[in-house]
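File shown: data_13.txt (compact mmCIF, C-alpha atoms).
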```txt
# COMPACT_ATOMS: atom_id res chain seq x y z
CA MET A 1 -192.81 108.24 -33.73
CA ILE A 2 -191.76 108.75 -37.36
CA SER A 3 -194.41 110.69 -39.30
CA GLU A 4 -194.97 110.36 -43.04
CA GLN A 5 -193.92 114.00 -43.50
CA PHE A 6 -190.67 113.40 -41.62
CA LEU A 7 -190.11 110.21 -43.60
CA GLU A 8 -190.41 112.00 -46.93
CA GLN A 9 -188.16 114.79 -45.67
CA VAL A 10 -185.30 112.53 -44.60
CA LEU A 11 -185.53 110.32 -47.68
CA SER A 12 -185.37 113.42 -49.87
CA GLU A 13 -182.23 114.46 -48.01
CA SER A 14 -180.81 110.96 -48.38
CA GLN A 15 -181.42 111.12 -52.12
CA LYS A 16 -179.71 114.52 -52.40
CA MET A 17 -176.68 113.07 -50.62
CA GLY A 18 -176.55 110.19 -53.08
CA PHE A 19 -177.39 107.54 -50.49
CA ILE A 20 -180.44 106.28 -52.39
CA GLY A 21 -181.07 106.19 -56.13
CA GLY A 22 -182.79 108.76 -58.28
CA GLY A 23 -186.40 108.79 -59.37
CA PRO A 24 -189.57 109.74 -57.51
CA LEU A 25 -189.53 109.19 -53.76
CA ASP A 26 -192.93 107.55 -54.11
CA GLN A 27 -191.27 104.76 -56.07
CA HIS A 28 -188.81 104.07 -53.25
CA LEU A 29 -191.55 104.22 -50.64
CA THR A 30 -193.72 101.88 -52.70
CA HIS A 31 -190.93 99.30 -52.71
CA SER A 32 -190.63 99.64 -48.94
CA ARG A 33 -194.40 99.22 -48.63
CA ASP A 34 -194.10 96.02 -50.64
CA PHE A 35 -191.58 94.82 -48.05
CA LEU A 36 -194.20 95.66 -45.43
CA SER A 37 -196.86 93.67 -47.28
CA ALA A 38 -194.55 90.67 -47.56
CA ILE A 39 -193.68 90.89 -43.86
CA ASP A 40 -197.34 91.12 -42.88
CA GLU A 41 -198.28 88.10 -45.00
CA ILE A 42 -195.34 85.91 -44.02
CA SER A 43 -195.26 86.84 -40.33
CA ALA A 44 -199.06 86.77 -40.04
CA GLY A 45 -198.99 90.01 -38.07
CA GLY A 46 -196.31 88.81 -35.66
CA GLN A 47 -194.23 91.90 -36.46
CA ASN A 48 -196.77 94.01 -34.59
CA LYS A 49 -196.02 92.32 -31.27
CA LYS A 50 -193.89 94.31 -28.86
CA GLY A 51 -190.26 93.24 -28.94
CA PHE A 52 -190.33 91.70 -32.43
CA SER A 53 -186.86 92.27 -33.88
CA ILE A 54 -186.02 93.21 -37.46
CA VAL A 55 -182.58 93.71 -38.98
CA ASP A 56 -182.05 95.73 -42.17
CA MET A 57 -178.79 94.42 -43.62
CA GLY A 58 -177.01 97.04 -45.71
CA SER A 59 -179.37 99.86 -44.79
CA GLY A 60 -177.53 102.44 -46.92
CA GLY A 61 -179.63 105.59 -47.12
CA GLY A 62 -182.34 104.08 -44.92
CA LEU A 63 -184.30 101.81 -47.24
CA PRO A 64 -186.26 99.84 -46.35
CA GLY A 65 -185.35 100.09 -42.65
CA ILE A 66 -186.42 103.65 -41.85
CA PRO A 67 -189.86 103.41 -43.51
CA LEU A 68 -190.45 100.01 -41.91
CA ALA A 69 -189.54 101.45 -38.51
CA ALA A 70 -192.13 104.17 -39.12
CA TRP A 71 -194.85 101.69 -40.03
CA ILE A 72 -194.12 98.85 -37.60
CA GLU A 73 -194.17 100.83 -34.39
CA LYS A 74 -193.79 98.01 -31.84
CA ALA A 75 -190.81 96.27 -33.44
CA ASN A 76 -187.16 96.86 -32.61
CA PHE A 77 -184.81 97.54 -35.52
CA ARG A 78 -181.09 97.09 -36.17
CA LEU A 79 -179.83 99.00 -39.22
CA ILE A 80 -176.54 97.41 -40.32
CA GLU A 81 -174.41 99.75 -42.44
CA SER A 82 -170.65 99.53 -43.02
CA SER A 83 -170.23 103.10 -44.34
CA LEU A 84 -169.45 105.57 -41.56
CA LYS A 85 -170.93 108.49 -43.52
CA ARG A 86 -174.20 106.67 -44.14
CA SER A 87 -174.32 105.38 -40.57
CA ARG A 88 -173.94 108.89 -39.18
CA PHE A 89 -176.76 110.04 -41.43
CA LEU A 90 -179.00 107.19 -40.25
CA GLN A 91 -178.12 107.93 -36.62
CA SER A 92 -179.11 111.57 -37.07
CA ILE A 93 -182.50 110.46 -38.40
CA VAL A 94 -183.07 108.09 -35.49
CA GLU A 95 -182.09 110.75 -32.94
CA GLU A 96 -184.23 113.46 -34.55
CA ALA A 97 -187.19 111.08 -34.59
CA GLY A 98 -186.65 110.25 -30.91
CA GLU A 99 -186.40 106.52 -31.65
CA THR A 100 -183.00 105.68 -30.16
CA THR A 101 -184.43 103.11 -27.73
CA ARG A 102 -186.15 101.19 -30.54
CA VAL A 103 -183.91 101.68 -33.57
CA GLU A 104 -180.17 100.98 -33.39
CA VAL A 105 -177.69 101.93 -36.11
CA VAL A 106 -174.78 99.50 -36.31
CA ASN A 107 -171.73 100.85 -38.15
CA LYS A 108 -170.11 97.52 -38.98
CA SER A 109 -169.87 95.19 -41.93
CA ALA A 110 -172.57 92.53 -41.93
CA GLU A 111 -169.88 89.88 -41.61
CA SER A 112 -168.47 91.52 -38.48
CA ALA A 113 -171.82 92.31 -36.83
CA ALA A 114 -173.15 88.79 -37.41
CA ARG A 115 -170.30 87.37 -35.33
CA GLU A 116 -171.17 89.39 -32.23
CA ASN A 117 -173.21 87.62 -29.56
CA LYS A 118 -175.47 90.66 -29.30
CA PHE A 119 -176.68 90.17 -32.86
CA ARG A 120 -175.97 86.54 -33.71
CA GLU A 121 -179.11 84.41 -34.10
CA THR A 122 -181.16 86.89 -32.06
CA GLN A 123 -183.34 88.54 -34.71
CA ASP A 124 -186.83 87.49 -35.81
CA LEU A 125 -186.65 88.78 -39.36
CA LEU A 126 -184.13 90.16 -41.84
CA VAL A 127 -184.78 92.44 -44.81
CA SER A 128 -182.26 93.39 -47.46
CA ARG A 129 -182.15 95.27 -50.75
CA LEU A 130 -179.18 96.13 -52.96
CA PHE A 131 -176.87 94.07 -50.76
CA GLY A 132 -175.41 91.94 -53.53
CA PRO A 133 -175.66 88.43 -54.97
CA ILE A 134 -178.00 86.04 -53.19
CA SER A 135 -175.06 83.91 -52.04
CA VAL A 136 -173.59 86.88 -50.18
CA ALA A 137 -176.94 87.95 -48.73
CA LEU A 138 -177.63 84.47 -47.38
CA GLU A 139 -174.16 83.85 -45.93
CA CYS A 140 -174.14 87.23 -44.20
CA GLY A 141 -177.83 87.28 -43.32
CA SER A 142 -178.56 83.83 -41.93
CA PRO A 143 -176.31 84.22 -38.84
CA PHE A 144 -178.41 87.19 -37.65
CA ILE A 145 -181.66 85.21 -37.57
CA ARG A 146 -182.90 82.94 -34.80
CA VAL A 147 -184.14 79.47 -35.68
CA SER A 148 -187.68 79.79 -37.18
CA GLY A 149 -186.93 83.38 -38.23
CA ILE A 150 -187.36 84.68 -41.79
CA LEU A 151 -185.13 86.36 -44.40
CA ILE A 152 -186.77 88.57 -47.06
CA ILE A 153 -184.41 89.60 -49.85
CA SER A 154 -185.33 91.80 -52.81
CA LYS A 155 -184.55 90.29 -56.22
CA TYR A 156 -185.21 90.47 -59.93
CA PRO A 157 -188.36 88.61 -61.06
CA GLU A 158 -186.16 86.30 -63.14
CA PRO A 159 -184.55 83.90 -62.75
CA LYS A 160 -186.59 82.17 -60.10
CA TYR A 161 -184.24 80.63 -57.59
CA ASN A 162 -184.30 76.89 -57.06
CA LEU A 163 -181.56 76.66 -54.48
CA LYS A 164 -183.13 73.72 -52.66
CA ASN A 165 -182.45 71.60 -55.76
CA GLU A 166 -179.38 73.33 -57.19
CA HIS A 167 -177.48 74.12 -53.97
CA PRO A 168 -179.04 72.04 -51.17
CA ALA A 169 -175.73 71.56 -49.35
CA VAL A 170 -175.21 75.33 -49.09
CA LEU A 171 -178.70 75.87 -47.71
CA GLU A 172 -178.09 73.13 -45.15
CA THR A 173 -174.76 74.70 -44.18
CA LEU A 174 -176.46 78.06 -43.64
CA GLY A 175 -179.40 76.49 -41.79
CA LEU A 176 -181.96 77.70 -44.30
CA GLU A 177 -185.07 76.44 -46.02
CA GLU A 178 -186.08 78.08 -49.30
CA LEU A 179 -189.74 79.09 -49.40
CA GLU A 180 -191.94 80.23 -52.28
CA GLU A 181 -191.00 83.63 -53.70
CA TRP A 182 -193.28 86.53 -52.79
CA SER A 183 -194.41 88.80 -55.61
CA ASN A 184 -197.18 91.29 -56.23
CA GLY A 185 -196.28 91.92 -59.86
CA ARG A 186 -194.25 94.99 -58.90
CA SER A 187 -191.73 93.70 -56.36
CA THR A 188 -190.28 90.23 -55.94
CA PHE A 189 -188.65 88.86 -52.79
CA ALA A 190 -186.76 85.64 -52.14
CA ILE A 191 -187.97 84.13 -48.86
CA PHE A 192 -186.03 81.81 -46.56
CA ARG A 193 -186.76 80.32 -43.15
CA LYS A 194 -184.04 79.59 -40.60
CA VAL A 195 -184.33 75.92 -39.63
CA SER A 196 -181.07 75.26 -37.78
CA GLN A 197 -178.15 77.10 -36.21
CA VAL A 198 -175.17 78.11 -38.32
CA SER A 199 -171.60 77.00 -37.75
CA GLN A 200 -169.29 79.61 -36.23
CA ASP A 201 -167.37 79.37 -39.51
CA TYR A 202 -169.99 81.63 -41.09
CA PRO A 203 -170.06 84.31 -42.17
CA ARG A 204 -166.47 84.26 -43.31
CA LYS A 205 -164.21 87.28 -42.83
CA THR A 206 -165.34 90.61 -44.26
CA GLY A 207 -165.09 90.59 -48.04
CA LEU A 208 -164.69 86.83 -48.51
CA PRO A 209 -168.38 86.10 -49.19
CA ARG A 210 -168.17 88.44 -52.19
CA LYS A 211 -164.70 87.42 -53.29
CA ARG A 212 -165.33 83.67 -52.99
CA PRO A 213 -169.11 83.11 -53.10
CA LEU A 214 -170.48 79.79 -51.90
CA PHE A 215 -172.48 79.54 -55.14
CA SER A 216 -173.66 81.74 -57.99
CA VAL A 217 -176.78 82.45 -60.03
CA SER A 218 -177.09 84.40 -63.26
CA ARG A 219 -178.34 87.72 -61.83
CA GLU A 220 -177.88 89.64 -58.63
CA THR A 221 -180.43 90.54 -55.97
CA LEU A 222 -181.79 94.07 -55.77
```

Final structure tokens representation of the file:
Amino acid sequence: MISEQFLEQVLSESQKMGFIGGGPLDQHLTHSRDFLSAIDEISAGGQNKKGFSIVDMGSGGGLPGIPLAAWIEKANFRLIESSLKRSRFLQSIVEEAGETTRVEVVNKSAESAARENKFRETQDLLVSRLFGPISVALECGSPFIRVSGILIISKYPEPKYNLKNEHPAVLETLGLEELEEWSNGRSTFAIFRKVSQVSQDYPRKTGLPRKRPLFSVSRETL
């Protein structure tokens, strides 16, 4: 079990190591709590069922994955992080917390991990912050999620995405349906539901989703 005291301790260490941004830790935890609120509303409490699976794509210094693992005690977590240094830090947190059977750190690029049978279209829900443009987050994220699963991606309040009208072919290719954005006036999340399986062509090789995005919008996701 991950206590609030332990959570604050490891996030403080993560901040000192430069793995998460500056500013008060409360601010970072508040954003993670907003993820929790969105998950609770969209999943209607389903995340509290034993065996529910959540993937944090681009976990970095542990946000929002580590706090969510502390608060959603019955769910299983996969923390996807390409940096070896950050992955080792995350692994040390998981081991110290005694959560190795429930929380797995995956030191791979999202593109690489999403192609493995162990991870591909097996997860119930994906969260992501600071991963990059929405096109990259969707191409890399959709292959992790089973049909009927949900993607929750942090974004700027503006512009509001309208991908179902502007890029419907891309959404169809990635097997996604765009839902109404979630916002509480402090945090905003783009929400997508997986409606069909994704071709084995996606995600493309590591780096290509960023180098040659499937589409673009004016501002990046958070």

For A:Arg210, the nearest of the candidates A:Ala110, A:Leu68, A:Leu63, A:Ala169, counting only C-alpha atoms: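 Closest residue, counting only C-alpha atoms: A:Ala110.
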
Separation of atom CA of A:Ala97 from atom CA of A:Ala75 in Å: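 Spanning atom CA of A:Ala75 to atom CA of A:Ala97 is a straight-line distance of 15.3 Å.
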
Close residues, stretch 117-124 of chain A itself excluded, 9 Å, all atoms listed in the file, min 6 positions apart in chain, as a PyMOL selection string: chain A and resi 47+52-55+78+142-151+197-198

Now that the selection is made, can you save its residues with C-alpha atoms as a PDB file, in the coordinates of the input?
```
ATOM      1  CA  GLN A  47    -194.230  91.900 -36.460  1.00  0.00           C
ATOM      2  CA  PHE A  52    -190.330  91.700 -32.430  1.00  0.00           C
ATOM      3  CA  SER A  53    -186.860  92.270 -33.880  1.00  0.00           C
ATOM      4  CA  ILE A  54    -186.020  93.210 -37.460  1.00  0.00           C
ATOM      5  CA  VAL A  55    -182.580  93.710 -38.980  1.00  0.00           C
ATOM      6  CA  ARG A  78    -181.090  97.090 -36.170  1.00  0.00           C
ATOM      7  CA  SER A 142    -178.560  83.830 -41.930  1.00  0.00           C
ATOM      8  CA  PRO A 143    -176.310  84.220 -38.840  1.00  0.00           C
ATOM      9  CA  PHE A 144    -178.410  87.190 -37.650  1.00  0.00           C
ATOM     10  CA  ILE A 145    -181.660  85.210 -37.570  1.00  0.00           C
ATOM     11  CA  ARG A 146    -182.900  82.940 -34.800  1.00  0.00           C
ATOM     12  CA  VAL A 147    -184.140  79.470 -35.680  1.00  0.00           C
ATOM     13  CA  SER A 148    -187.680  79.790 -37.180  1.00  0.00           C
ATOM     14  CA  GLY A 149    -186.930  83.380 -38.230  1.00  0.00           C
ATOM     15  CA  ILE A 150    -187.360  84.680 -41.790  1.00  0.00           C
ATOM     16  CA  LEU A 151    -185.130  86.360 -44.400  1.00  0.00           C
ATOM     17  CA  GLN A 197    -178.150  77.100 -36.210  1.00  0.00           C
ATOM     18  CA  VAL A 198    -175.170  78.110 -38.320  1.00  0.00           C
TER      19      VAL A 198
END
```

A:Phe131, A:Phe215, A:Phe89, A:Trp182 ranked by distance to A:His167, top pick (using all atoms listed in the file):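 Smallest distance to A:His167 is found for A:Phe215.
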
Neighbour list for A:Leu179 as a ChimeraX atom specification, cut-off 8 Å, all atoms listed in the file, skip fewer than 6 positions in-chain: /A:190-193

Residue nearest A:Tyr202 among A:Ala113, A:Val217, A:Val10, A:Ala70 (counting only C-alpha atoms): A:Ala113

Box in all listed atoms of stretch 85-92 of chain A, axis-aligned, with 5 Å more on each side; write out centre and edge lengths in Å to one decimal as JSON.
```
{"center_x": -175.0, "center_y": 108.5, "center_z": -40.4, "size_x": 18.2, "size_y": 16.2, "size_z": 17.5}
```

Please, could N, CA and C atoms be added to stretch 105-137 of chain A and the result written as a PDB file, in the coordinates of the input?
```pdb
ATOM      1  N   VAL A 105    -178.538 101.902 -34.921  1.00  0.00           N
ATOM      2  CA  VAL A 105    -177.690 101.930 -36.110  1.00  0.00           C
ATOM      3  C   VAL A 105    -176.371 101.248 -35.758  1.00  0.00           C
ATOM      4  N   VAL A 106    -175.988 100.282 -36.562  1.00  0.00           N
ATOM      5  CA  VAL A 106    -174.780  99.500 -36.310  1.00  0.00           C
ATOM      6  C   VAL A 106    -173.786  99.760 -37.434  1.00  0.00           C
ATOM      7  N   ASN A 107    -172.733 100.524 -37.133  1.00  0.00           N
ATOM      8  CA  ASN A 107    -171.730 100.850 -38.150  1.00  0.00           C
ATOM      9  C   ASN A 107    -170.659  99.759 -38.194  1.00  0.00           C
ATOM     10  N   LYS A 108    -171.013  98.660 -38.816  1.00  0.00           N
ATOM     11  CA  LYS A 108    -170.110  97.520 -38.980  1.00  0.00           C
ATOM     12  C   LYS A 108    -170.464  96.817 -40.282  1.00  0.00           C
ATOM     13  N   SER A 109    -169.526  96.057 -40.798  1.00  0.00           N
ATOM     14  CA  SER A 109    -169.870  95.190 -41.930  1.00  0.00           C
ATOM     15  C   SER A 109    -170.822  94.122 -41.426  1.00  0.00           C
ATOM     16  N   ALA A 110    -171.638  93.593 -42.321  1.00  0.00           N
ATOM     17  CA  ALA A 110    -172.570  92.530 -41.930  1.00  0.00           C
ATOM     18  C   ALA A 110    -171.804  91.324 -41.404  1.00  0.00           C
ATOM     19  N   GLU A 111    -170.674  91.022 -42.043  1.00  0.00           N
ATOM     20  CA  GLU A 111    -169.880  89.880 -41.610  1.00  0.00           C
ATOM     21  C   GLU A 111    -169.406  90.044 -40.163  1.00  0.00           C
ATOM     22  N   SER A 112    -168.969  91.253 -39.831  1.00  0.00           N
ATOM     23  CA  SER A 112    -168.470  91.520 -38.480  1.00  0.00           C
ATOM     24  C   SER A 112    -169.601  91.523 -37.460  1.00  0.00           C
ATOM     25  N   ALA A 113    -170.693  92.215 -37.771  1.00  0.00           N
ATOM     26  CA  ALA A 113    -171.820  92.310 -36.830  1.00  0.00           C
ATOM     27  C   ALA A 113    -172.424  90.946 -36.545  1.00  0.00           C
ATOM     28  N   ALA A 114    -172.513  90.103 -37.567  1.00  0.00           N
ATOM     29  CA  ALA A 114    -173.150  88.790 -37.410  1.00  0.00           C
ATOM     30  C   ALA A 114    -172.359  87.855 -36.515  1.00  0.00           C
ATOM     31  N   ARG A 115    -171.120  88.205 -36.213  1.00  0.00           N
ATOM     32  CA  ARG A 115    -170.300  87.370 -35.330  1.00  0.00           C
ATOM     33  C   ARG A 115    -170.402  87.794 -33.862  1.00  0.00           C
ATOM     34  N   GLU A 116    -171.039  88.914 -33.611  1.00  0.00           N
ATOM     35  CA  GLU A 116    -171.170  89.390 -32.230  1.00  0.00           C
ATOM     36  C   GLU A 116    -172.351  88.711 -31.546  1.00  0.00           C
ATOM     37  N   ASN A 117    -172.146  88.313 -30.310  1.00  0.00           N
ATOM     38  CA  ASN A 117    -173.210  87.620 -29.560  1.00  0.00           C
ATOM     39  C   ASN A 117    -174.485  88.446 -29.470  1.00  0.00           C
ATOM     40  N   LYS A 118    -174.322  89.762 -29.413  1.00  0.00           N
ATOM     41  CA  LYS A 118    -175.470  90.660 -29.300  1.00  0.00           C
ATOM     42  C   LYS A 118    -176.431  90.515 -30.480  1.00  0.00           C
ATOM     43  N   PHE A 119    -175.871  90.221 -31.646  1.00  0.00           N
ATOM     44  CA  PHE A 119    -176.680  90.170 -32.860  1.00  0.00           C
ATOM     45  C   PHE A 119    -176.878  88.750 -33.402  1.00  0.00           C
ATOM     46  N   ARG A 120    -175.963  87.853 -33.064  1.00  0.00           N
ATOM     47  CA  ARG A 120    -175.970  86.540 -33.710  1.00  0.00           C
ATOM     48  C   ARG A 120    -177.171  85.695 -33.286  1.00  0.00           C
ATOM     49  N   GLU A 121    -177.944  85.282 -34.279  1.00  0.00           N
ATOM     50  CA  GLU A 121    -179.110  84.410 -34.100  1.00  0.00           C
ATOM     51  C   GLU A 121    -180.051  84.932 -33.007  1.00  0.00           C
ATOM     52  N   THR A 122    -180.273  86.250 -33.043  1.00  0.00           N
ATOM     53  CA  THR A 122    -181.160  86.890 -32.060  1.00  0.00           C
ATOM     54  C   THR A 122    -182.356  87.590 -32.716  1.00  0.00           C
ATOM     55  N   GLN A 123    -182.331  87.745 -34.028  1.00  0.00           N
ATOM     56  CA  GLN A 123    -183.340  88.540 -34.710  1.00  0.00           C
ATOM     57  C   GLN A 123    -184.469  87.668 -35.278  1.00  0.00           C
ATOM     58  N   ASP A 124    -185.674  88.231 -35.290  1.00  0.00           N
ATOM     59  CA  ASP A 124    -186.830  87.490 -35.810  1.00  0.00           C
ATOM     60  C   ASP A 124    -186.925  87.528 -37.323  1.00  0.00           C
ATOM     61  N   LEU A 125    -186.462  88.620 -37.920  1.00  0.00           N
ATOM     62  CA  LEU A 125    -186.650  88.780 -39.360  1.00  0.00           C
ATOM     63  C   LEU A 125    -185.559  89.671 -39.930  1.00  0.00           C
ATOM     64  N   LEU A 126    -185.131  89.360 -41.144  1.00  0.00           N
ATOM     65  CA  LEU A 126    -184.130  90.160 -41.840  1.00  0.00           C
ATOM     66  C   LEU A 126    -184.688  90.633 -43.168  1.00  0.00           C
ATOM     67  N   VAL A 127    -184.455  91.904 -43.492  1.00  0.00           N
ATOM     68  CA  VAL A 127    -184.780  92.440 -44.810  1.00  0.00           C
ATOM     69  C   VAL A 127    -183.501  92.961 -45.446  1.00  0.00           C
ATOM     70  N   SER A 128    -183.458  92.906 -46.774  1.00  0.00           N
ATOM     71  CA  SER A 128    -182.260  93.390 -47.460  1.00  0.00           C
ATOM     72  C   SER A 128    -182.584  93.740 -48.901  1.00  0.00           C
ATOM     73  N   ARG A 129    -182.053  94.873 -49.340  1.00  0.00           N
ATOM     74  CA  ARG A 129    -182.150  95.270 -50.750  1.00  0.00           C
ATOM     75  C   ARG A 129    -180.803  95.835 -51.177  1.00  0.00           C
ATOM     76  N   LEU A 130    -180.430  95.598 -52.411  1.00  0.00           N
ATOM     77  CA  LEU A 130    -179.180  96.130 -52.960  1.00  0.00           C
ATOM     78  C   LEU A 130    -177.949  95.685 -52.180  1.00  0.00           C
ATOM     79  N   PHE A 131    -178.023  94.516 -51.544  1.00  0.00           N
ATOM     80  CA  PHE A 131    -176.870  94.070 -50.760  1.00  0.00           C
ATOM     81  C   PHE A 131    -175.848  93.339 -51.626  1.00  0.00           C
ATOM     82  N   GLY A 132    -176.317  92.680 -52.673  1.00  0.00           N
ATOM     83  CA  GLY A 132    -175.410  91.940 -53.530  1.00  0.00           C
ATOM     84  C   GLY A 132    -175.997  90.618 -53.959  1.00  0.00           C
ATOM     85  N   PRO A 133    -175.176  89.737 -54.526  1.00  0.00           N
ATOM     86  CA  PRO A 133    -175.660  88.430 -54.970  1.00  0.00           C
ATOM     87  C   PRO A 133    -176.330  87.659 -53.839  1.00  0.00           C
ATOM     88  N   ILE A 134    -177.244  86.793 -54.193  1.00  0.00           N
ATOM     89  CA  ILE A 134    -178.000  86.040 -53.190  1.00  0.00           C
ATOM     90  C   ILE A 134    -177.087  85.209 -52.303  1.00  0.00           C
ATOM     91  N   SER A 135    -175.986  84.708 -52.855  1.00  0.00           N
ATOM     92  CA  SER A 135    -175.060  83.910 -52.040  1.00  0.00           C
ATOM     93  C   SER A 135    -174.485  84.737 -50.902  1.00  0.00           C
ATOM     94  N   VAL A 136    -174.161  85.994 -51.190  1.00  0.00           N
ATOM     95  CA  VAL A 136    -173.590  86.880 -50.180  1.00  0.00           C
ATOM     96  C   VAL A 136    -174.657  87.255 -49.146  1.00  0.00           C
ATOM     97  N   ALA A 137    -175.849  87.570 -49.639  1.00  0.00           N
ATOM     98  CA  ALA A 137    -176.940  87.950 -48.730  1.00  0.00           C
ATOM     99  C   ALA A 137    -177.281  86.824 -47.765  1.00  0.00           C
TER     100      ALA A 137
END
```
